[in-house]
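Notes for the one structure printed next.
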Amino acid sequence: MTRIDMAPMEGVTNYIFRQVFHRHYGGVDRFYTPFLSPNQNKQFITREWNEIDPAHNEGLTVIPQLLTRNPEHFLWACGELEALGYDQVNLNLGCPSGTVVAKKKGSGFLTVPEELDGFFQEVFSKTSLHISVKTRLGKQDPAEFPRILEIFNRYPICELTVHPRVQKEFYRGPVHRDAFAYAAAHAKSPLCYNGDLFSVPAIQAIQAEYPNLRAVMLGRGLVANPALAEEARGTGRRELNRLRAFHDDLYEQYCRVLSGDRSILSRMKEVWAYQLPLFTHWEDYLKPLRKAEHRRDYEAVVNRLFRQEQLTEGDYRP
């Protein structure tokens with residue numbers, strides 16, 4: 001069975017989500033942190049430290065993801081992470097956020113291939129950590145990808161995760177499966193596929209098409225249905241009572257570590273944006289959930305949802 005990874009999703013798959021997921025569900029082999037942004041200050045801010053604190057990741061295989069175009073900052077972070085016991089870091093070349101891309105970071109780094117080549121030359125010569133990469137195809141056009149892959153192939157990238165869209169597409173429209181086929185035919189690094197794997201048939205299809213695939217990475221589909229990895233492995237299925245237990249645990253942890261109803265509910269609403277459409281009559285709960293500003297109001301809506309509705313057999317669709 002192909003390895004299954006949980007995608008790094010900013011604001012969603014943080015250390016609390018990972019811990020709670022691990023207590024209630026299985027099927028995931030590796031977890032990637034939302035990106036850390038090493039800079040000239042050479043220290044991790046509290047949010048970043050919480051992601052990489054070994055005490056927050058016990059029992060999990062966690063890969064820290066770094067977002068930077070500066071080799072000095074990257075290498076500093078590598079040293080700190082190696083001291084904590086990590087043996088691999090992941091370079092984020094996929095983030096499509098406009099503010100990130102404007103700084104030539106994330107998928108914006110793909111627009112300066114000569115600089116990217118120089119970055120790899122330096123970091124691979126100065127760290128003993130394994131370096132993996134999560135990338136898009138380019139910024140504007142999938143035709144940019146062959147040149148980018150040529151650069152990747154010059155270096156011992158331990159694993160290349162490809163999300164087959166360009167930056168300007170964000171998460172809209174179909175993925176470019178032909179571009180991934182090109183990667184499968186020409187990449188020298190082991191490959192992981194990421195992008196629109198929302199159902200068991202979709203996961204099985206990509207595995208069947210690429211039997212040598214090292215891994216698949218699940219993001220939105222796994223947040224929507226935390227049992228998805230188990231379903232793909234044939235070891236579990238979605239159940240209302242399990243999802244309720246997962247929700248209650250996640251909610252309790254956010255209430256414990258966050259201050260103020262607004263902060264707590266903001267985190268929970270991020271998750272509900274993915275999970276709610278899997279319920280019967282979910283549209284009836286969309287507005288009340290969005291409008292809930294206090295925990296008592298939120299809890300009333302959620303209690304009614306779990307009491308009156310059921311999980312459907314459908315899968316997440318953006």
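Going by the structure tokens order, chains are called A, B, ..., each with residues numbered from 1, while ligands are numbered from 1 in the order shown.
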
Pull the closest atom pair for each residue of region 147-200 of chain A that gets at most 12 Å from region 229-250 of chain A, along with the distance in Å to one decimal, counting only C-alpha atoms, ordering rows by chain and then ascending residue number, as JSON lines.
{"residue": "A:Leu197", "atom": "CA", "partner": "A:Ala229", "partner_atom": "CA", "distance": 10.5}
{"residue": "A:Phe198", "atom": "CA", "partner": "A:Ala229", "partner_atom": "CA", "distance": 10.2}
{"residue": "A:Ser199", "atom": "CA", "partner": "A:Ala232", "partner_atom": "CA", "distance": 8.1}
{"residue": "A:Val200", "atom": "CA", "partner": "A:Ala232", "partner_atom": "CA", "distance": 5.1}

Please list as a compact mmCIF listing (two decimals) with N, CA, C and O atoms, in the first residue's frame every residue within 10 Å of region 155-163 of chain A, counting only C-alpha atoms and excluding residues in the same chain fewer than 5 positions away.
# COMPACT_ATOMS: atom_id res chain seq x y z
N GLN A 88 14.57 15.08 8.60
CA GLN A 88 14.14 15.55 7.28
C GLN A 88 13.40 16.88 7.42
O GLN A 88 12.69 17.10 8.40
N VAL A 89 13.61 17.74 6.44
CA VAL A 89 12.82 18.97 6.33
C VAL A 89 12.24 19.03 4.93
O VAL A 89 12.75 18.41 4.00
N ASN A 90 11.16 19.78 4.80
CA ASN A 90 10.48 19.92 3.52
C ASN A 90 10.49 21.38 3.10
O ASN A 90 10.14 22.26 3.90
N LEU A 91 10.88 21.65 1.87
CA LEU A 91 10.88 23.01 1.35
C LEU A 91 9.56 23.29 0.66
O LEU A 91 9.16 22.55 -0.25
N ASN A 92 8.89 24.35 1.07
CA ASN A 92 7.60 24.74 0.50
C ASN A 92 7.83 25.55 -0.77
O ASN A 92 8.24 26.71 -0.73
N LEU A 93 7.52 24.93 -1.91
CA LEU A 93 7.52 25.62 -3.20
C LEU A 93 6.12 25.57 -3.81
O LEU A 93 5.96 25.64 -5.02
N GLY A 94 5.12 25.46 -2.93
CA GLY A 94 3.76 25.29 -3.41
C GLY A 94 2.77 26.33 -2.95
O GLY A 94 1.71 26.48 -3.57
N ASP A 117 18.16 27.33 -8.18
CA ASP A 117 19.29 26.43 -8.41
C ASP A 117 20.42 26.75 -7.44
O ASP A 117 21.02 25.86 -6.82
N PHE A 120 19.62 25.54 -3.89
CA PHE A 120 19.84 24.11 -3.72
C PHE A 120 21.34 23.79 -3.64
O PHE A 120 21.75 22.94 -2.84
N GLN A 121 22.14 24.43 -4.47
CA GLN A 121 23.57 24.19 -4.43
C GLN A 121 24.12 24.40 -3.03
O GLN A 121 24.90 23.59 -2.51
N PHE A 124 22.26 21.91 -0.07
CA PHE A 124 22.62 20.49 -0.14
C PHE A 124 24.09 20.26 0.20
O PHE A 124 24.46 19.15 0.60
N LEU A 129 20.81 16.84 6.81
CA LEU A 129 19.41 16.46 6.84
C LEU A 129 18.92 16.07 5.45
O LEU A 129 19.38 16.61 4.44
N HIS A 130 17.96 15.16 5.40
CA HIS A 130 17.28 14.88 4.15
C HIS A 130 16.38 16.06 3.82
O HIS A 130 15.72 16.61 4.70
N ILE A 131 16.36 16.43 2.55
CA ILE A 131 15.53 17.55 2.11
C ILE A 131 14.52 17.03 1.09
O ILE A 131 14.90 16.47 0.05
N SER A 132 13.25 17.21 1.40
CA SER A 132 12.18 16.91 0.45
C SER A 132 11.58 18.23 -0.03
O SER A 132 11.82 19.29 0.57
N VAL A 133 10.81 18.17 -1.08
CA VAL A 133 10.25 19.38 -1.69
C VAL A 133 8.78 19.15 -2.01
O VAL A 133 8.40 18.07 -2.49
N LYS A 134 7.95 20.15 -1.71
CA LYS A 134 6.56 20.15 -2.15
C LYS A 134 6.40 21.31 -3.13
O LYS A 134 6.68 22.46 -2.78
N THR A 135 5.99 21.00 -4.36
CA THR A 135 6.01 22.01 -5.41
C THR A 135 4.72 22.06 -6.21
O THR A 135 3.94 21.09 -6.25
N ARG A 136 4.53 23.20 -6.85
CA ARG A 136 3.55 23.33 -7.92
C ARG A 136 4.28 23.27 -9.26
O ARG A 136 5.50 23.07 -9.30
N LEU A 137 3.54 23.45 -10.34
CA LEU A 137 4.11 23.31 -11.67
C LEU A 137 4.81 24.57 -12.15
O LEU A 137 5.58 24.53 -13.11
N LEU A 149 11.66 21.01 -13.15
CA LEU A 149 12.02 19.63 -12.83
C LEU A 149 13.48 19.35 -13.18
O LEU A 149 14.16 18.59 -12.48
N GLU A 150 13.97 19.97 -14.23
CA GLU A 150 15.38 19.81 -14.59
C GLU A 150 16.28 20.27 -13.45
O GLU A 150 17.31 19.64 -13.15
N TYR A 171 -6.56 26.51 -5.90
CA TYR A 171 -7.10 25.15 -5.79
C TYR A 171 -8.33 24.98 -6.69
O TYR A 171 -9.14 24.10 -6.48
N VAL A 175 -6.85 19.35 -11.90
CA VAL A 175 -5.39 19.24 -11.84
C VAL A 175 -4.86 18.84 -13.21
O VAL A 175 -5.59 18.27 -14.03
N HIS A 176 -3.60 19.14 -13.45
CA HIS A 176 -2.97 18.82 -14.74
C HIS A 176 -2.32 17.44 -14.63
O HIS A 176 -1.12 17.32 -14.35
N ARG A 177 -3.11 16.42 -14.89
CA ARG A 177 -2.61 15.06 -14.74
C ARG A 177 -1.50 14.75 -15.76
O ARG A 177 -0.62 13.94 -15.50
N ALA A 179 0.84 16.76 -16.60
CA ALA A 179 2.08 17.28 -16.03
C ALA A 179 2.62 16.32 -14.98
O ALA A 179 3.84 16.13 -14.87
N PHE A 180 1.72 15.69 -14.22
CA PHE A 180 2.20 14.72 -13.24
C PHE A 180 2.77 13.49 -13.96
O PHE A 180 3.76 12.91 -13.52
N ALA A 183 6.20 14.25 -14.72
CA ALA A 183 7.05 14.10 -13.55
C ALA A 183 7.36 12.62 -13.31
O ALA A 183 8.50 12.25 -13.00
N ALA A 184 6.36 11.77 -13.43
CA ALA A 184 6.56 10.34 -13.20
C ALA A 184 7.56 9.75 -14.19
O ALA A 184 8.30 8.82 -13.86
N ALA A 187 11.23 12.49 -13.37
CA ALA A 187 11.80 12.86 -12.07
C ALA A 187 12.78 11.80 -11.59
O ALA A 187 12.53 10.60 -11.70
N LYS A 188 13.89 12.25 -11.01
CA LYS A 188 14.87 11.33 -10.45
C LYS A 188 14.59 11.03 -8.99
O LYS A 188 15.12 10.05 -8.45
N SER A 189 13.79 11.87 -8.35
CA SER A 189 13.44 11.65 -6.95
C SER A 189 12.17 10.82 -6.84
O SER A 189 11.31 10.86 -7.73
N PRO A 190 12.01 10.07 -5.75
CA PRO A 190 10.73 9.40 -5.50
C PRO A 190 9.61 10.43 -5.44
O PRO A 190 9.80 11.55 -4.93
N LEU A 191 8.43 10.05 -5.92
CA LEU A 191 7.32 11.00 -6.05
C LEU A 191 6.20 10.75 -5.06
O LEU A 191 5.89 9.60 -4.72
N CYS A 192 5.59 11.85 -4.64
CA CYS A 192 4.35 11.84 -3.87
C CYS A 192 3.35 12.68 -4.64
O CYS A 192 3.68 13.77 -5.11
N TYR A 193 2.13 12.18 -4.77
CA TYR A 193 1.08 12.92 -5.48
C TYR A 193 0.18 13.64 -4.48
O TYR A 193 -0.27 13.06 -3.48
N ASN A 194 -0.13 14.91 -4.78
CA ASN A 194 -1.03 15.71 -3.96
C ASN A 194 -1.96 16.50 -4.88
O ASN A 194 -1.50 17.13 -5.83
N GLY A 195 -3.26 16.46 -4.57
CA GLY A 195 -4.19 17.28 -5.35
C GLY A 195 -5.50 16.59 -5.64
O GLY A 195 -5.55 15.62 -6.39
N ASP A 196 -6.58 17.07 -5.01
CA ASP A 196 -7.94 16.62 -5.29
C ASP A 196 -8.17 15.13 -5.04
O ASP A 196 -8.93 14.49 -5.76
N ARG A 214 5.66 6.76 -4.44
CA ARG A 214 6.10 6.57 -3.06
C ARG A 214 4.96 6.85 -2.07
O ARG A 214 4.83 6.15 -1.06
N ALA A 215 4.15 7.89 -2.35
CA ALA A 215 3.13 8.28 -1.37
C ALA A 215 2.05 9.12 -2.04
O ALA A 215 2.23 9.64 -3.14
N VAL A 216 0.93 9.23 -1.36
CA VAL A 216 -0.08 10.23 -1.70
C VAL A 216 -0.26 11.13 -0.48
O VAL A 216 -0.09 10.70 0.66
N MET A 217 -0.56 12.38 -0.74
CA MET A 217 -0.76 13.36 0.33
C MET A 217 -2.20 13.83 0.29
O MET A 217 -2.70 14.30 -0.74

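Interatomic distance, CA of Pro34 (chain A) against CA of Glu10 (chain A): 5.1 Å.
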
Just give me the gap between CA of Thr127 (chain A) and CA of Lys42 (chain A) in Å, one decimal is fine. 16.6 Å

Any idea what's packed within 7 Å of Asp5 (chain A), counting only C-alpha atoms, ignoring anything in its chain fewer than 6 positions away? Could you give it as a ChimeraX atom specification? /A:28-31,216-218

For CA of Met6 (chain A) and CA of Tyr316 (chain A), the interatomic separation in Å (one decimal):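 According to the coordinates, CA of Met6 (chain A) and CA of Tyr316 (chain A) are separated by 15.8 Å.
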
Quick check for you: according to DSSP on this backbone, which residues of region 192-318 of chain A are classed as strand (DSSP E)? Reply as a short mmCIF file (atom, residue, chain, number, x, y, z; two decimals) with N, CA, C and O atoms, in the first residue's frame.
data_model
loop_
_atom_site.label_atom_id
_atom_site.label_comp_id
_atom_site.auth_asym_id
_atom_site.auth_seq_id
_atom_site.Cartn_x
_atom_site.Cartn_y
_atom_site.Cartn_z
N CYS A 192 5.59 11.85 -4.64
CA CYS A 192 4.35 11.84 -3.87
C CYS A 192 3.35 12.68 -4.64
O CYS A 192 3.68 13.77 -5.11
N TYR A 193 2.13 12.18 -4.77
CA TYR A 193 1.08 12.92 -5.48
C TYR A 193 0.18 13.64 -4.48
O TYR A 193 -0.27 13.06 -3.48
N ASN A 194 -0.13 14.91 -4.78
CA ASN A 194 -1.03 15.71 -3.96
C ASN A 194 -1.96 16.50 -4.88
O ASN A 194 -1.50 17.13 -5.83
N ALA A 215 4.15 7.89 -2.35
CA ALA A 215 3.13 8.28 -1.37
C ALA A 215 2.05 9.12 -2.04
O ALA A 215 2.23 9.64 -3.14
N VAL A 216 0.93 9.23 -1.36
CA VAL A 216 -0.08 10.23 -1.70
C VAL A 216 -0.26 11.13 -0.48
O VAL A 216 -0.09 10.70 0.66
N MET A 217 -0.56 12.38 -0.74
CA MET A 217 -0.76 13.36 0.33
C MET A 217 -2.20 13.83 0.29
O MET A 217 -2.70 14.30 -0.74
N LEU A 218 -2.88 13.69 1.43
CA LEU A 218 -4.28 14.07 1.54
C LEU A 218 -4.40 15.34 2.37
O LEU A 218 -3.81 15.43 3.45
#

Selected residue of minimal separation from Gln308 (chain A) among A:Ser266, A:Glu114, A:Asp284, A:Lys104, counting only C-alpha atoms: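 The answer is A:Asp284, which sits nearest to Gln308 (chain A).
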
Check the DSSP output for the backbone and give back, as a PyMOL selection string, the residues of region 175-274 of chain A in alpha helix (DSSP H). chain A and resi 177-186+200-209+220-224+228-233+240-257+261-274

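You can rank A:Val166, A:Ala227, A:Val101, A:Ala77 by their closest distance to His22 (chain A) using only C-alpha atoms, and at the top of that list sits A:Ala227.
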
Contact residues around Asn14 (chain A) with only C-alpha atoms at 12 Å, ignoring same-chain residues under 3 positions, as a count of residues only: 36
